[in-house]
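Asks: So I've got this file, query.pdb, and it contains PDB, C-alpha atoms and all ligand atoms:
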ATOM      1  CA  MET Z   7     -57.009  -6.913   0.525  1.00  0.00           C
ATOM      2  CA  LYS Z   8     -53.948  -8.279   2.236  1.00  0.00           C
ATOM      3  CA  ILE Z   9     -52.958 -11.899   1.633  1.00  0.00           C
ATOM      4  CA  ALA Z  10     -51.908 -13.085   5.082  1.00  0.00           C
ATOM      5  CA  SER Z  11     -51.725 -16.760   4.183  1.00  0.00           C
ATOM      6  CA  ALA Z  12     -51.839 -18.823   1.008  1.00  0.00           C
ATOM      7  CA  GLU Z  13     -51.408 -22.563   1.130  1.00  0.00           C
ATOM      8  CA  PHE Z  14     -51.875 -25.472  -1.224  1.00  0.00           C
ATOM      9  CA  SER Z  15     -54.964 -27.363  -0.163  1.00  0.00           C
ATOM     10  CA  ARG Z  16     -55.764 -30.104  -2.653  1.00  0.00           C
ATOM     11  CA  SER Z  17     -55.460 -31.371  -6.228  1.00  0.00           C
ATOM     12  CA  SER Z  18     -58.652 -33.009  -7.498  1.00  0.00           C
ATOM     13  CA  GLN Z  19     -58.985 -35.329 -10.463  1.00  0.00           C
ATOM     14  CA  LYS Z  20     -62.752 -35.095 -10.392  1.00  0.00           C
ATOM     15  CA  LEU Z  21     -65.526 -32.968  -8.975  1.00  0.00           C
ATOM     16  CA  SER Z  22     -66.305 -35.346  -6.094  1.00  0.00           C
ATOM     17  CA  GLN Z  23     -62.834 -34.677  -4.672  1.00  0.00           C
ATOM     18  CA  VAL Z  24     -62.995 -30.869  -4.405  1.00  0.00           C
ATOM     19  CA  PRO Z  25     -63.105 -29.409  -0.850  1.00  0.00           C
ATOM     20  CA  GLN Z  26     -66.606 -29.684   0.607  1.00  0.00           C
ATOM     21  CA  ASP Z  27     -66.203 -27.114   3.373  1.00  0.00           C
ATOM     22  CA  GLY Z  28     -68.509 -24.520   1.793  1.00  0.00           C
ATOM     23  CA  LEU Z  29     -65.772 -21.887   1.406  1.00  0.00           C
ATOM     24  CA  PRO Z  30     -66.135 -19.892  -1.848  1.00  0.00           C
ATOM     25  CA  ASP Z  31     -63.969 -20.542  -4.918  1.00  0.00           C
ATOM     26  CA  PHE Z  32     -62.472 -17.919  -7.215  1.00  0.00           C
ATOM     27  CA  ALA Z  33     -61.260 -19.923 -10.199  1.00  0.00           C
ATOM     28  CA  PHE Z  34     -58.973 -19.133 -13.129  1.00  0.00           C
ATOM     29  CA  ILE Z  35     -59.670 -20.626 -16.507  1.00  0.00           C
ATOM     30  CA  GLY Z  36     -58.598 -20.062 -20.102  1.00  0.00           C
ATOM     31  CA  ARG Z  37     -56.491 -21.450 -22.909  1.00  0.00           C
ATOM     32  CA  SER Z  38     -53.397 -23.451 -22.038  1.00  0.00           C
ATOM     33  CA  ASN Z  39     -50.408 -21.180 -21.443  1.00  0.00           C
ATOM     34  CA  VAL Z  40     -52.489 -17.992 -21.070  1.00  0.00           C
ATOM     35  CA  GLY Z  41     -51.004 -17.397 -17.614  1.00  0.00           C
ATOM     36  CA  LYS Z  42     -53.463 -18.828 -15.037  1.00  0.00           C
ATOM     37  CA  SER Z  43     -50.884 -20.323 -12.686  1.00  0.00           C
ATOM     38  CA  SER Z  44     -48.625 -17.264 -12.973  1.00  0.00           C
ATOM     39  CA  LEU Z  45     -51.540 -15.007 -12.043  1.00  0.00           C
ATOM     40  CA  ILE Z  46     -52.266 -17.059  -8.918  1.00  0.00           C
ATOM     41  CA  ASN Z  47     -48.624 -16.723  -7.867  1.00  0.00           C
ATOM     42  CA  MET Z  48     -48.682 -12.984  -8.567  1.00  0.00           C
ATOM     43  CA  LEU Z  49     -51.893 -12.446  -6.585  1.00  0.00           C
ATOM     44  CA  THR Z  50     -50.674 -14.400  -3.594  1.00  0.00           C
ATOM     45  CA  GLY Z  51     -47.130 -13.057  -3.767  1.00  0.00           C
ATOM     46  CA  ARG Z  52     -45.852 -16.659  -3.564  1.00  0.00           C
ATOM     47  CA  GLN Z  53     -43.481 -17.345  -6.455  1.00  0.00           C
ATOM     48  CA  SER Z  54     -44.056 -21.071  -6.839  1.00  0.00           C
ATOM     49  CA  LEU Z  55     -47.385 -21.796  -5.198  1.00  0.00           C
ATOM     50  CA  ALA Z  56     -48.927 -22.842  -8.544  1.00  0.00           C
ATOM     51  CA  LYS Z  57     -46.734 -24.613 -11.100  1.00  0.00           C
ATOM     52  CA  VAL Z  58     -45.843 -22.469 -14.115  1.00  0.00           C
ATOM     53  CA  SER Z  59     -44.424 -23.781 -17.368  1.00  0.00           C
ATOM     54  CA  GLY Z  60     -43.552 -22.535 -20.828  1.00  0.00           C
ATOM     55  CA  THR Z  61     -45.040 -25.792 -22.174  1.00  0.00           C
ATOM     56  CA  PRO Z  62     -48.833 -25.670 -22.471  1.00  0.00           C
ATOM     57  CA  GLY Z  63     -50.859 -28.241 -20.567  1.00  0.00           C
ATOM     58  CA  LYS Z  64     -48.919 -27.986 -17.291  1.00  0.00           C
ATOM     59  CA  THR Z  65     -51.952 -27.820 -15.004  1.00  0.00           C
ATOM     60  CA  ARG Z  66     -53.968 -31.040 -15.373  1.00  0.00           C
ATOM     61  CA  LEU Z  67     -55.962 -31.136 -12.153  1.00  0.00           C
ATOM     62  CA  ILE Z  68     -58.248 -28.818 -10.201  1.00  0.00           C
ATOM     63  CA  ASN Z  69     -55.888 -27.221  -7.668  1.00  0.00           C
ATOM     64  CA  HIS Z  70     -57.306 -25.466  -4.614  1.00  0.00           C
ATOM     65  CA  PHE Z  71     -55.236 -22.928  -2.674  1.00  0.00           C
ATOM     66  CA  LEU Z  72     -56.664 -21.775   0.650  1.00  0.00           C
ATOM     67  CA  ILE Z  73     -56.317 -18.023   1.133  1.00  0.00           C
ATOM     68  CA  ASN Z  74     -56.484 -16.286   4.523  1.00  0.00           C
ATOM     69  CA  GLY Z  75     -58.162 -19.439   5.841  1.00  0.00           C
ATOM     70  CA  GLY Z  76     -61.484 -18.332   4.340  1.00  0.00           C
ATOM     71  CA  TRP Z  77     -61.686 -18.795   0.563  1.00  0.00           C
ATOM     72  CA  TYR Z  78     -59.967 -20.529  -2.320  1.00  0.00           C
ATOM     73  CA  LEU Z  79     -58.105 -19.514  -5.426  1.00  0.00           C
ATOM     74  CA  VAL Z  80     -58.542 -22.366  -7.902  1.00  0.00           C
ATOM     75  CA  ASP Z  81     -56.124 -23.192 -10.701  1.00  0.00           C
ATOM     76  CA  LEU Z  82     -57.860 -25.115 -13.468  1.00  0.00           C
ATOM     77  CA  PRO Z  83     -56.396 -27.008 -16.429  1.00  0.00           C
ATOM     78  CA  GLY Z  84     -56.259 -24.982 -19.646  1.00  0.00           C
ATOM     79  CA  TYR Z  85     -58.485 -25.655 -22.629  1.00  0.00           C
ATOM     80  CA  GLY Z  86     -57.523 -25.674 -26.314  1.00  0.00           C
ATOM     81  CA  TYR Z  87     -54.229 -27.451 -25.691  1.00  0.00           C
ATOM     82  CA  ALA Z  88     -52.871 -28.406 -29.116  1.00  0.00           C
ATOM     83  CA  ARG Z  89     -51.330 -31.749 -28.168  1.00  0.00           C
ATOM     84  CA  VAL Z  90     -54.408 -33.446 -26.779  1.00  0.00           C
ATOM     85  CA  SER Z  91     -56.706 -35.371 -29.126  1.00  0.00           C
ATOM     86  CA  LYS Z  92     -58.729 -33.360 -31.622  1.00  0.00           C
ATOM     87  CA  SER Z  93     -62.066 -34.146 -29.959  1.00  0.00           C
ATOM     88  CA  GLN Z  94     -60.748 -32.990 -26.551  1.00  0.00           C
ATOM     89  CA  ARG Z  95     -59.199 -29.925 -28.059  1.00  0.00           C
ATOM     90  CA  GLU Z  96     -62.380 -28.789 -29.721  1.00  0.00           C
ATOM     91  CA  GLY Z  97     -64.567 -29.265 -26.702  1.00  0.00           C
ATOM     92  CA  PHE Z  98     -63.921 -28.663 -23.047  1.00  0.00           C
ATOM     93  CA  SER Z  99     -62.625 -31.560 -20.989  1.00  0.00           C
ATOM     94  CA  LYS Z 100     -64.991 -33.282 -18.566  1.00  0.00           C
ATOM     95  CA  ILE Z 101     -63.017 -32.025 -15.588  1.00  0.00           C
ATOM     96  CA  ILE Z 102     -63.639 -28.427 -16.720  1.00  0.00           C
ATOM     97  CA  THR Z 103     -67.320 -28.771 -17.610  1.00  0.00           C
ATOM     98  CA  ASP Z 104     -68.022 -30.716 -14.409  1.00  0.00           C
ATOM     99  CA  TYR Z 105     -66.369 -28.037 -12.309  1.00  0.00           C
ATOM    100  CA  VAL Z 106     -67.944 -25.131 -14.160  1.00  0.00           C
ATOM    101  CA  LEU Z 107     -71.474 -26.472 -14.614  1.00  0.00           C
ATOM    102  CA  ARG Z 108     -71.990 -28.941 -11.772  1.00  0.00           C
ATOM    103  CA  CYS Z 109     -70.028 -27.614  -8.830  1.00  0.00           C
ATOM    104  CA  GLN Z 110     -72.484 -26.897  -6.011  1.00  0.00           C
ATOM    105  CA  LYS Z 111     -70.345 -24.437  -4.079  1.00  0.00           C
ATOM    106  CA  MET Z 112     -70.332 -20.699  -4.761  1.00  0.00           C
ATOM    107  CA  HIS Z 113     -67.805 -19.918  -7.446  1.00  0.00           C
ATOM    108  CA  PHE Z 114     -66.735 -17.021  -9.585  1.00  0.00           C
ATOM    109  CA  LEU Z 115     -64.755 -17.610 -12.773  1.00  0.00           C
ATOM    110  CA  PHE Z 116     -62.002 -15.394 -14.063  1.00  0.00           C
ATOM    111  CA  VAL Z 117     -61.689 -16.181 -17.791  1.00  0.00           C
ATOM    112  CA  LEU Z 118     -58.162 -15.325 -18.883  1.00  0.00           C
ATOM    113  CA  VAL Z 119     -57.458 -14.158 -22.440  1.00  0.00           C
ATOM    114  CA  ASP Z 120     -54.100 -13.163 -23.899  1.00  0.00           C
ATOM    115  CA  SER Z 121     -54.197  -9.378 -24.409  1.00  0.00           C
ATOM    116  CA  ARG Z 122     -52.163  -9.726 -27.622  1.00  0.00           C
ATOM    117  CA  HIS Z 123     -54.789 -11.670 -29.521  1.00  0.00           C
ATOM    118  CA  GLU Z 124     -58.137 -10.879 -31.063  1.00  0.00           C
ATOM    119  CA  PRO Z 125     -61.098 -12.812 -29.582  1.00  0.00           C
ATOM    120  CA  GLN Z 126     -60.462 -16.537 -30.057  1.00  0.00           C
ATOM    121  CA  LYS Z 127     -63.225 -18.961 -31.031  1.00  0.00           C
ATOM    122  CA  ILE Z 128     -62.682 -21.266 -28.072  1.00  0.00           C
ATOM    123  CA  ASP Z 129     -62.851 -18.394 -25.544  1.00  0.00           C
ATOM    124  CA  VAL Z 130     -66.031 -17.126 -27.159  1.00  0.00           C
ATOM    125  CA  GLU Z 131     -67.541 -20.618 -26.901  1.00  0.00           C
ATOM    126  CA  PHE Z 132     -66.558 -20.823 -23.280  1.00  0.00           C
ATOM    127  CA  ILE Z 133     -67.940 -17.390 -22.389  1.00  0.00           C
ATOM    128  CA  THR Z 134     -71.147 -18.280 -24.237  1.00  0.00           C
ATOM    129  CA  LEU Z 135     -71.436 -21.457 -22.168  1.00  0.00           C
ATOM    130  CA  LEU Z 136     -71.085 -19.403 -18.977  1.00  0.00           C
ATOM    131  CA  GLY Z 137     -73.696 -16.913 -20.173  1.00  0.00           C
ATOM    132  CA  GLU Z 138     -76.150 -19.686 -21.055  1.00  0.00           C
ATOM    133  CA  HIS Z 139     -75.805 -21.192 -17.590  1.00  0.00           C
ATOM    134  CA  GLY Z 140     -75.861 -17.898 -15.711  1.00  0.00           C
ATOM    135  CA  ILE Z 141     -72.441 -18.503 -14.183  1.00  0.00           C
ATOM    136  CA  PRO Z 142     -70.819 -15.301 -12.897  1.00  0.00           C
ATOM    137  CA  PHE Z 143     -67.550 -14.490 -14.617  1.00  0.00           C
ATOM    138  CA  GLY Z 144     -65.088 -11.731 -15.443  1.00  0.00           C
ATOM    139  CA  VAL Z 145     -62.526 -11.441 -18.238  1.00  0.00           C
ATOM    140  CA  VAL Z 146     -58.844 -11.019 -17.363  1.00  0.00           C
ATOM    141  CA  PHE Z 147     -56.439  -9.751 -20.027  1.00  0.00           C
ATOM    142  CA  THR Z 148     -53.005 -11.306 -19.438  1.00  0.00           C
ATOM    143  CA  LYS Z 149     -49.403 -10.606 -20.480  1.00  0.00           C
ATOM    144  CA  THR Z 150     -50.020  -6.885 -21.049  1.00  0.00           C
ATOM    145  CA  ASP Z 151     -46.279  -6.260 -20.516  1.00  0.00           C
ATOM    146  CA  LYS Z 152     -45.785  -7.661 -24.008  1.00  0.00           C
ATOM    147  CA  LEU Z 153     -47.714  -4.777 -25.616  1.00  0.00           C
ATOM    148  CA  SER Z 154     -47.112  -1.043 -25.904  1.00  0.00           C
ATOM    149  CA  SER Z 155     -49.768   1.059 -24.194  1.00  0.00           C
ATOM    150  CA  SER Z 156     -51.277   2.113 -27.528  1.00  0.00           C
ATOM    151  CA  GLN Z 157     -51.448  -1.502 -28.753  1.00  0.00           C
ATOM    152  CA  LEU Z 158     -53.019  -2.504 -25.465  1.00  0.00           C
ATOM    153  CA  ASP Z 159     -55.625   0.274 -25.642  1.00  0.00           C
ATOM    154  CA  SER Z 160     -56.564  -0.709 -29.160  1.00  0.00           C
ATOM    155  CA  ASN Z 161     -56.771  -4.445 -28.332  1.00  0.00           C
ATOM    156  CA  LEU Z 162     -58.915  -3.738 -25.256  1.00  0.00           C
ATOM    157  CA  ALA Z 163     -61.243  -1.534 -27.294  1.00  0.00           C
ATOM    158  CA  ARG Z 164     -61.530  -4.293 -29.930  1.00  0.00           C
ATOM    159  CA  TYR Z 165     -62.352  -6.895 -27.288  1.00  0.00           C
ATOM    160  CA  LYS Z 166     -64.960  -4.655 -25.643  1.00  0.00           C
ATOM    161  CA  ARG Z 167     -66.602  -3.975 -29.008  1.00  0.00           C
ATOM    162  CA  PHE Z 168     -66.689  -7.680 -29.633  1.00  0.00           C
ATOM    163  CA  LEU Z 169     -68.243  -8.491 -26.225  1.00  0.00           C
ATOM    164  CA  LEU Z 170     -70.850  -5.763 -26.697  1.00  0.00           C
ATOM    165  CA  SER Z 171     -71.721  -7.180 -30.108  1.00  0.00           C
ATOM    166  CA  MET Z 172     -72.769 -10.394 -28.362  1.00  0.00           C
ATOM    167  CA  TRP Z 173     -73.984  -9.257 -24.940  1.00  0.00           C
ATOM    168  CA  GLU Z 174     -75.812  -6.203 -23.663  1.00  0.00           C
ATOM    169  CA  GLU Z 175     -73.396  -5.446 -20.861  1.00  0.00           C
ATOM    170  CA  LEU Z 176     -69.726  -5.938 -20.302  1.00  0.00           C
ATOM    171  CA  PRO Z 177     -68.637  -8.379 -17.594  1.00  0.00           C
ATOM    172  CA  PRO Z 178     -66.053  -7.118 -15.073  1.00  0.00           C
ATOM    173  CA  LEU Z 179     -62.748  -6.662 -16.954  1.00  0.00           C
ATOM    174  CA  PHE Z 180     -59.246  -6.824 -15.486  1.00  0.00           C
ATOM    175  CA  VAL Z 181     -56.011  -5.750 -17.159  1.00  0.00           C
ATOM    176  CA  THR Z 182     -53.022  -7.695 -15.820  1.00  0.00           C
ATOM    177  CA  SER Z 183     -49.386  -8.618 -16.116  1.00  0.00           C
ATOM    178  CA  SER Z 184     -47.967 -11.229 -13.765  1.00  0.00           C
ATOM    179  CA  GLU Z 185     -44.527 -10.132 -14.887  1.00  0.00           C
ATOM    180  CA  LYS Z 186     -45.131  -6.499 -13.820  1.00  0.00           C
ATOM    181  CA  LYS Z 187     -47.584  -7.297 -10.999  1.00  0.00           C
ATOM    182  CA  ARG Z 188     -50.209  -5.251 -12.809  1.00  0.00           C
ATOM    183  CA  GLY Z 189     -53.891  -5.645 -11.897  1.00  0.00           C
ATOM    184  CA  ARG Z 190     -53.259  -7.280  -8.535  1.00  0.00           C
ATOM    185  CA  ASP Z 191     -55.223  -4.782  -6.434  1.00  0.00           C
ATOM    186  CA  ASP Z 192     -58.113  -4.693  -8.922  1.00  0.00           C
ATOM    187  CA  ILE Z 193     -58.614  -8.452  -8.703  1.00  0.00           C
ATOM    188  CA  LEU Z 194     -58.095  -8.689  -4.940  1.00  0.00           C
ATOM    189  CA  ASP Z 195     -60.456  -5.744  -4.284  1.00  0.00           C
ATOM    190  CA  PHE Z 196     -63.051  -7.363  -6.533  1.00  0.00           C
ATOM    191  CA  ILE Z 197     -62.756 -10.641  -4.609  1.00  0.00           C
ATOM    192  CA  GLU Z 198     -63.059  -8.770  -1.324  1.00  0.00           C
ATOM    193  CA  GLU Z 199     -66.296  -7.136  -2.527  1.00  0.00           C
ATOM    194  CA  CYS Z 200     -67.668 -10.535  -3.573  1.00  0.00           C
ATOM    195  CA  LEU Z 201     -66.798 -11.994  -0.168  1.00  0.00           C
ATOM    196  CA  ILE Z 202     -68.622  -9.170   1.612  1.00  0.00           C
ATOM    197  CA  ARG Z 203     -71.725  -9.782  -0.533  1.00  0.00           C
ATOM    198  CA  CYS Z 204     -71.780 -13.601  -0.384  1.00  0.00           C
TER     199      CYS Z 204
HETATM  200  N1  LIG Z 301     -44.359 -11.823 -20.238  1.00  0.00           N
HETATM  201  C1  LIG Z 301     -45.239 -12.481 -19.488  1.00  0.00           C
HETATM  202  N2  LIG Z 301     -45.242 -13.844 -19.464  1.00  0.00           N
HETATM  203  C2  LIG Z 301     -46.163 -14.471 -18.709  1.00  0.00           C
HETATM  204  C3  LIG Z 301     -47.148 -13.768 -17.951  1.00  0.00           C
HETATM  205  N3  LIG Z 301     -47.938 -14.669 -17.349  1.00  0.00           N
HETATM  206  C4  LIG Z 301     -47.465 -15.881 -17.689  1.00  0.00           C
HETATM  207  N4  LIG Z 301     -46.403 -15.782 -18.516  1.00  0.00           N
HETATM  208  C5  LIG Z 301     -45.625 -16.901 -19.102  1.00  0.00           C
HETATM  209  O1  LIG Z 301     -46.508 -17.720 -19.865  1.00  0.00           O
HETATM  210  C6  LIG Z 301     -46.164 -19.102 -19.719  1.00  0.00           C
HETATM  211  C7  LIG Z 301     -47.377 -19.883 -19.237  1.00  0.00           C
HETATM  212  O2  LIG Z 301     -47.702 -19.463 -17.920  1.00  0.00           O
HETATM  213  P1  LIG Z 301     -48.586 -20.376 -16.938  1.00  0.00           P
HETATM  214  O3  LIG Z 301     -48.919 -19.512 -15.769  1.00  0.00           O
HETATM  215  O4  LIG Z 301     -47.952 -21.697 -16.671  1.00  0.00           O
HETATM  216  O5  LIG Z 301     -49.880 -20.592 -17.852  1.00  0.00           O
HETATM  217  P2  LIG Z 301     -51.163 -21.527 -17.564  1.00  0.00           P
HETATM  218  O6  LIG Z 301     -52.336 -20.795 -18.137  1.00  0.00           O
HETATM  219  O7  LIG Z 301     -51.234 -21.859 -16.106  1.00  0.00           O
HETATM  220  O8  LIG Z 301     -50.824 -22.805 -18.445  1.00  0.00           O
HETATM  221  P3  LIG Z 301     -51.410 -24.329 -18.329  1.00  0.00           P
HETATM  222  O9  LIG Z 301     -51.365 -24.742 -16.884  1.00  0.00           O
HETATM  223  O10 LIG Z 301     -50.454 -25.095 -19.176  1.00  0.00           O
HETATM  224  O11 LIG Z 301     -52.792 -24.291 -18.886  1.00  0.00           O
HETATM  225  C8  LIG Z 301     -44.963 -19.140 -18.769  1.00  0.00           C
HETATM  226  O12 LIG Z 301     -43.788 -19.200 -19.543  1.00  0.00           O
HETATM  227  C9  LIG Z 301     -45.063 -17.822 -18.009  1.00  0.00           C
HETATM  228  O13 LIG Z 301     -43.823 -17.357 -17.533  1.00  0.00           O
HETATM  229  C10 LIG Z 301     -47.113 -12.323 -17.988  1.00  0.00           C
HETATM  230  O14 LIG Z 301     -47.901 -11.601 -17.364  1.00  0.00           O
HETATM  231  N5  LIG Z 301     -46.149 -11.749 -18.773  1.00  0.00           N
HETATM  232 MG    MG Z 302     -51.290 -23.699 -15.204  1.00  0.00          MG
END
Would you mind giving the structure from this file in structure tokens?
Ligand SMILES: Nc1nc2c(ncn2[C@@H]2O[C@H](COP(=O)(O)OP(=O)(O)OP(=O)(O)O)[C@@H](O)[C@H]2O)c(=O)[nH]1
Ligand SMILES: [Mg+2]
Replies:
Amino acid sequence: MKIASAEFSRSSQKLSQVPQDGLPDFAFIGRSNVGKSSLINMLTGRQSLAKVSGTPGKTRLINHFLINGGWYLVDLPGYGYARVSKSQREGFSKIITDYVLRCQKMHFLFVLVDSRHEPQKIDVEFITLLGEHGIPFGVVFTKTDKLSSSQLDSNLARYKRFLLSMWEELPPLFVTSSEKKRGRDDILDFIEECLIRC
């Protein structure tokens, strides 16, 4: 799919502020610093559409970006950020759970995980929450440029084994690097398919 236009639409502090125009959301979520904002910039081909930072916790609000005038890419705050209070760190912030569990509009969640790491407890908890609530999601492996191809293959196989130990089927999986623009077509083609079906 071609991205003809990508523009910042709105930052929301709470669910009641998100756009109410009925256009579908494709949202990016995952641990702080995993690469959500970078992925949005890579997909749209706009270098600084979403704010990227080496310091975790950069994205604090729900940010909607209107794509091709017909759907949104949504940049969500990260979870598991080490400098917030312990209770917030262990759970998911209200802004995230409200968006994920209570948002009325059609949304698909891309859960980002760092391809270098074994499955992390907080990601597993989050994926479990999605499964329990029947929320459609896919898993996006980020920063694959930091691994050799054999390391990547072995980490992907480990993650798949882990997912299959908990669930009967694998969700859609995407292998990406914002640095190398890897995985762009896979994600955009997937979104296009979803838009045709919804
Ligand atoms: N090598 C490499 N670095 C990346 C990639 N994606 C993101 N980064 C780096 O990882 C850091 C965090 O990226 P962000 O896109 O801000 O991460 P985020 O998930 O939006 O972070 P928060 O908004 O703080 O939750 C930045 O220093 C990025 O340059 C990638 O594909 N490869
Ligand atoms: Mg961010």
Asks: At a cut-off of 9 Å around ligand MG 302 (chain Z), and using only C-alpha atoms and all ligand atoms, what residues come up? Please write them as a short mmCIF file (atom, residue, chain, number, x, y, z; two decimals) with C-alpha atoms, keeping the file's coordinate frame.
Replies:
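Output below, filename pocket_32.cif:
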data_model
loop_
_atom_site.label_atom_id
_atom_site.label_comp_id
_atom_site.auth_asym_id
_atom_site.auth_seq_id
_atom_site.Cartn_x
_atom_site.Cartn_y
_atom_site.Cartn_z
CA SER Z 38 -53.40 -23.45 -22.04
CA ASN Z 39 -50.41 -21.18 -21.44
CA VAL Z 40 -52.49 -17.99 -21.07
CA GLY Z 41 -51.00 -17.40 -17.61
CA LYS Z 42 -53.46 -18.83 -15.04
CA SER Z 43 -50.88 -20.32 -12.69
CA SER Z 44 -48.62 -17.26 -12.97
CA ALA Z 56 -48.93 -22.84 -8.54
CA LYS Z 57 -46.73 -24.61 -11.10
CA VAL Z 58 -45.84 -22.47 -14.12
CA SER Z 59 -44.42 -23.78 -17.37
CA PRO Z 62 -48.83 -25.67 -22.47
CA GLY Z 63 -50.86 -28.24 -20.57
CA LYS Z 64 -48.92 -27.99 -17.29
CA THR Z 65 -51.95 -27.82 -15.00
CA ARG Z 66 -53.97 -31.04 -15.37
CA ASP Z 81 -56.12 -23.19 -10.70
CA LEU Z 82 -57.86 -25.12 -13.47
CA PRO Z 83 -56.40 -27.01 -16.43
CA GLY Z 84 -56.26 -24.98 -19.65
#
Asks: Provide the CA of Val146 in chain Z to CA of Lys20 in chain Z distance in Å, to one decimal place.
Replies: 25.4 Å
Asks: Counting all atoms listed in the file, which residues come within 10 Å of (-69.0, -34.9, -10.6), with the point read in the file's coordinates, and could you list them as a PDB file with C-alpha atoms, in the coordinates of the input?
Replies:
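Now in part-v8.pdb:
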ATOM      1  CA  LYS Z  20     -62.752 -35.095 -10.392  1.00  0.00           C
ATOM      2  CA  LEU Z  21     -65.526 -32.968  -8.975  1.00  0.00           C
ATOM      3  CA  SER Z  22     -66.305 -35.346  -6.094  1.00  0.00           C
ATOM      4  CA  GLN Z  23     -62.834 -34.677  -4.672  1.00  0.00           C
ATOM      5  CA  VAL Z  24     -62.995 -30.869  -4.405  1.00  0.00           C
ATOM      6  CA  LYS Z 100     -64.991 -33.282 -18.566  1.00  0.00           C
ATOM      7  CA  ILE Z 101     -63.017 -32.025 -15.588  1.00  0.00           C
ATOM      8  CA  THR Z 103     -67.320 -28.771 -17.610  1.00  0.00           C
ATOM      9  CA  ASP Z 104     -68.022 -30.716 -14.409  1.00  0.00           C
ATOM     10  CA  TYR Z 105     -66.369 -28.037 -12.309  1.00  0.00           C
ATOM     11  CA  LEU Z 107     -71.474 -26.472 -14.614  1.00  0.00           C
ATOM     12  CA  ARG Z 108     -71.990 -28.941 -11.772  1.00  0.00           C
ATOM     13  CA  CYS Z 109     -70.028 -27.614  -8.830  1.00  0.00           C
ATOM     14  CA  GLN Z 110     -72.484 -26.897  -6.011  1.00  0.00           C
TER      15      GLN Z 110
END
Asks: May I have the residues within 12 Å of Val106 in chain Z as an MDAnalysis selection string, using all atoms listed in the file and disregarding those fewer than 3 positions away in the same chain?
Replies: chainID Z and resid 20:21 31:35 68 80 82:83 98:103 109:117 132:133 135:137 139:143
Asks: If I take atom C4 of ligand LIG 301 (chain Z) and CA of Thr150 in chain Z, how far is one from the other in Å, to one decimal?
Replies: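 According to the coordinates, atom C4 of ligand LIG 301 (chain Z) and CA of Thr150 in chain Z are separated by 9.9 Å.
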Asks: Any chance you could resolve the PyMOL selection byres (((chain Z and resi 151-168) around 9) and not hetatm) against this file and give the residues as a list in words?
Replies: Ser121, Arg122, His123, Glu124, Pro125, Phe147, Thr148, Lys149, Thr150, Leu169, Leu170, Ser171, Met172, Trp173, Leu176, Val181, Thr182, Ser183, Ser184, Glu185, Lys186 and Arg188 of chain Z
Asks: What residues have an atom no more than 8 Å from (-55.3, -18.3, 2.5) in the file's own frame, counting all atoms listed in the file, and can you write them as a list of chain:residue names?
Replies: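 Result, sorted by chain then residue number: Z:Ile9, Z:Ala10, Z:Ser11, Z:Ala12, Z:Glu13, Z:Phe71, Z:Leu72, Z:Ile73, Z:Asn74, Z:Gly75, Z:Gly76, Z:Trp77, Z:Tyr78.
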Asks: Using atom O10 of ligand LIG 301 (chain Z) and CA of Leu194 in chain Z as the two end points, give the distance in Å to one decimal.
Replies: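 If I compute the distance from atom O10 of ligand LIG 301 (chain Z) to CA of Leu194 in chain Z, I get 23.0 Å.
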Asks: Could you tell me which of Z:Gln19, Z:Leu118, Z:Pro177, Z:Pro30 comes closest to Ile197 in chain Z if we count only C-alpha atoms?
Replies: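 Closest candidate: Z:Pro30.
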Asks: Could you write out as JSON the box around ligand LIG 301 (chain Z) (axis-aligned, all atoms listed in the file, 3 Å on each side), with centre and edge lengths in Å to one decimal?
Replies:
{"center_x": -48.3, "center_y": -18.3, "center_z": -18.0, "size_x": 15.0, "size_y": 19.5, "size_z": 10.5}
Asks: Counting all atoms listed in the file, which of Z:Leu29, Z:Ile46, Z:Leu67, Z:Phe14 gets nearest to Leu201 in chain Z?
Replies: Z:Leu29
Asks: Could you write range 53-61 of chain Z as a PDB file, in the frame of the given file, with N, CA and C atoms rebuilt where they are missing?
Replies:
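That gives us result.pdb:
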ATOM      1  N   GLN Z  53     -44.075 -17.072  -5.140  1.00  0.00           N
ATOM      2  CA  GLN Z  53     -43.481 -17.345  -6.455  1.00  0.00           C
ATOM      3  C   GLN Z  53     -43.844 -18.697  -7.055  1.00  0.00           C
ATOM      4  N   SER Z  54     -43.845 -19.754  -6.238  1.00  0.00           N
ATOM      5  CA  SER Z  54     -44.056 -21.071  -6.839  1.00  0.00           C
ATOM      6  C   SER Z  54     -45.184 -21.848  -6.174  1.00  0.00           C
ATOM      7  N   LEU Z  55     -46.212 -21.119  -5.772  1.00  0.00           N
ATOM      8  CA  LEU Z  55     -47.385 -21.796  -5.198  1.00  0.00           C
ATOM      9  C   LEU Z  55     -48.045 -22.675  -6.274  1.00  0.00           C
ATOM     10  N   ALA Z  56     -48.349 -22.085  -7.420  1.00  0.00           N
ATOM     11  CA  ALA Z  56     -48.927 -22.842  -8.544  1.00  0.00           C
ATOM     12  C   ALA Z  56     -47.809 -23.089  -9.557  1.00  0.00           C
ATOM     13  N   LYS Z  57     -47.828 -24.262 -10.177  1.00  0.00           N
ATOM     14  CA  LYS Z  57     -46.734 -24.613 -11.100  1.00  0.00           C
ATOM     15  C   LYS Z  57     -46.903 -23.935 -12.462  1.00  0.00           C
ATOM     16  N   VAL Z  58     -45.846 -23.220 -12.852  1.00  0.00           N
ATOM     17  CA  VAL Z  58     -45.843 -22.469 -14.115  1.00  0.00           C
ATOM     18  C   VAL Z  58     -44.946 -23.189 -15.092  1.00  0.00           C
ATOM     19  N   SER Z  59     -45.306 -23.167 -16.380  1.00  0.00           N
ATOM     20  CA  SER Z  59     -44.424 -23.781 -17.368  1.00  0.00           C
ATOM     21  C   SER Z  59     -44.579 -23.105 -18.718  1.00  0.00           C
ATOM     22  N   GLY Z  60     -43.491 -23.061 -19.469  1.00  0.00           N
ATOM     23  CA  GLY Z  60     -43.552 -22.535 -20.828  1.00  0.00           C
ATOM     24  C   GLY Z  60     -44.243 -23.511 -21.769  1.00  0.00           C
ATOM     25  N   THR Z  61     -44.385 -24.773 -21.340  1.00  0.00           N
ATOM     26  CA  THR Z  61     -45.040 -25.792 -22.174  1.00  0.00           C
ATOM     27  C   THR Z  61     -46.516 -25.856 -21.820  1.00  0.00           C
TER      28      THR Z  61
END
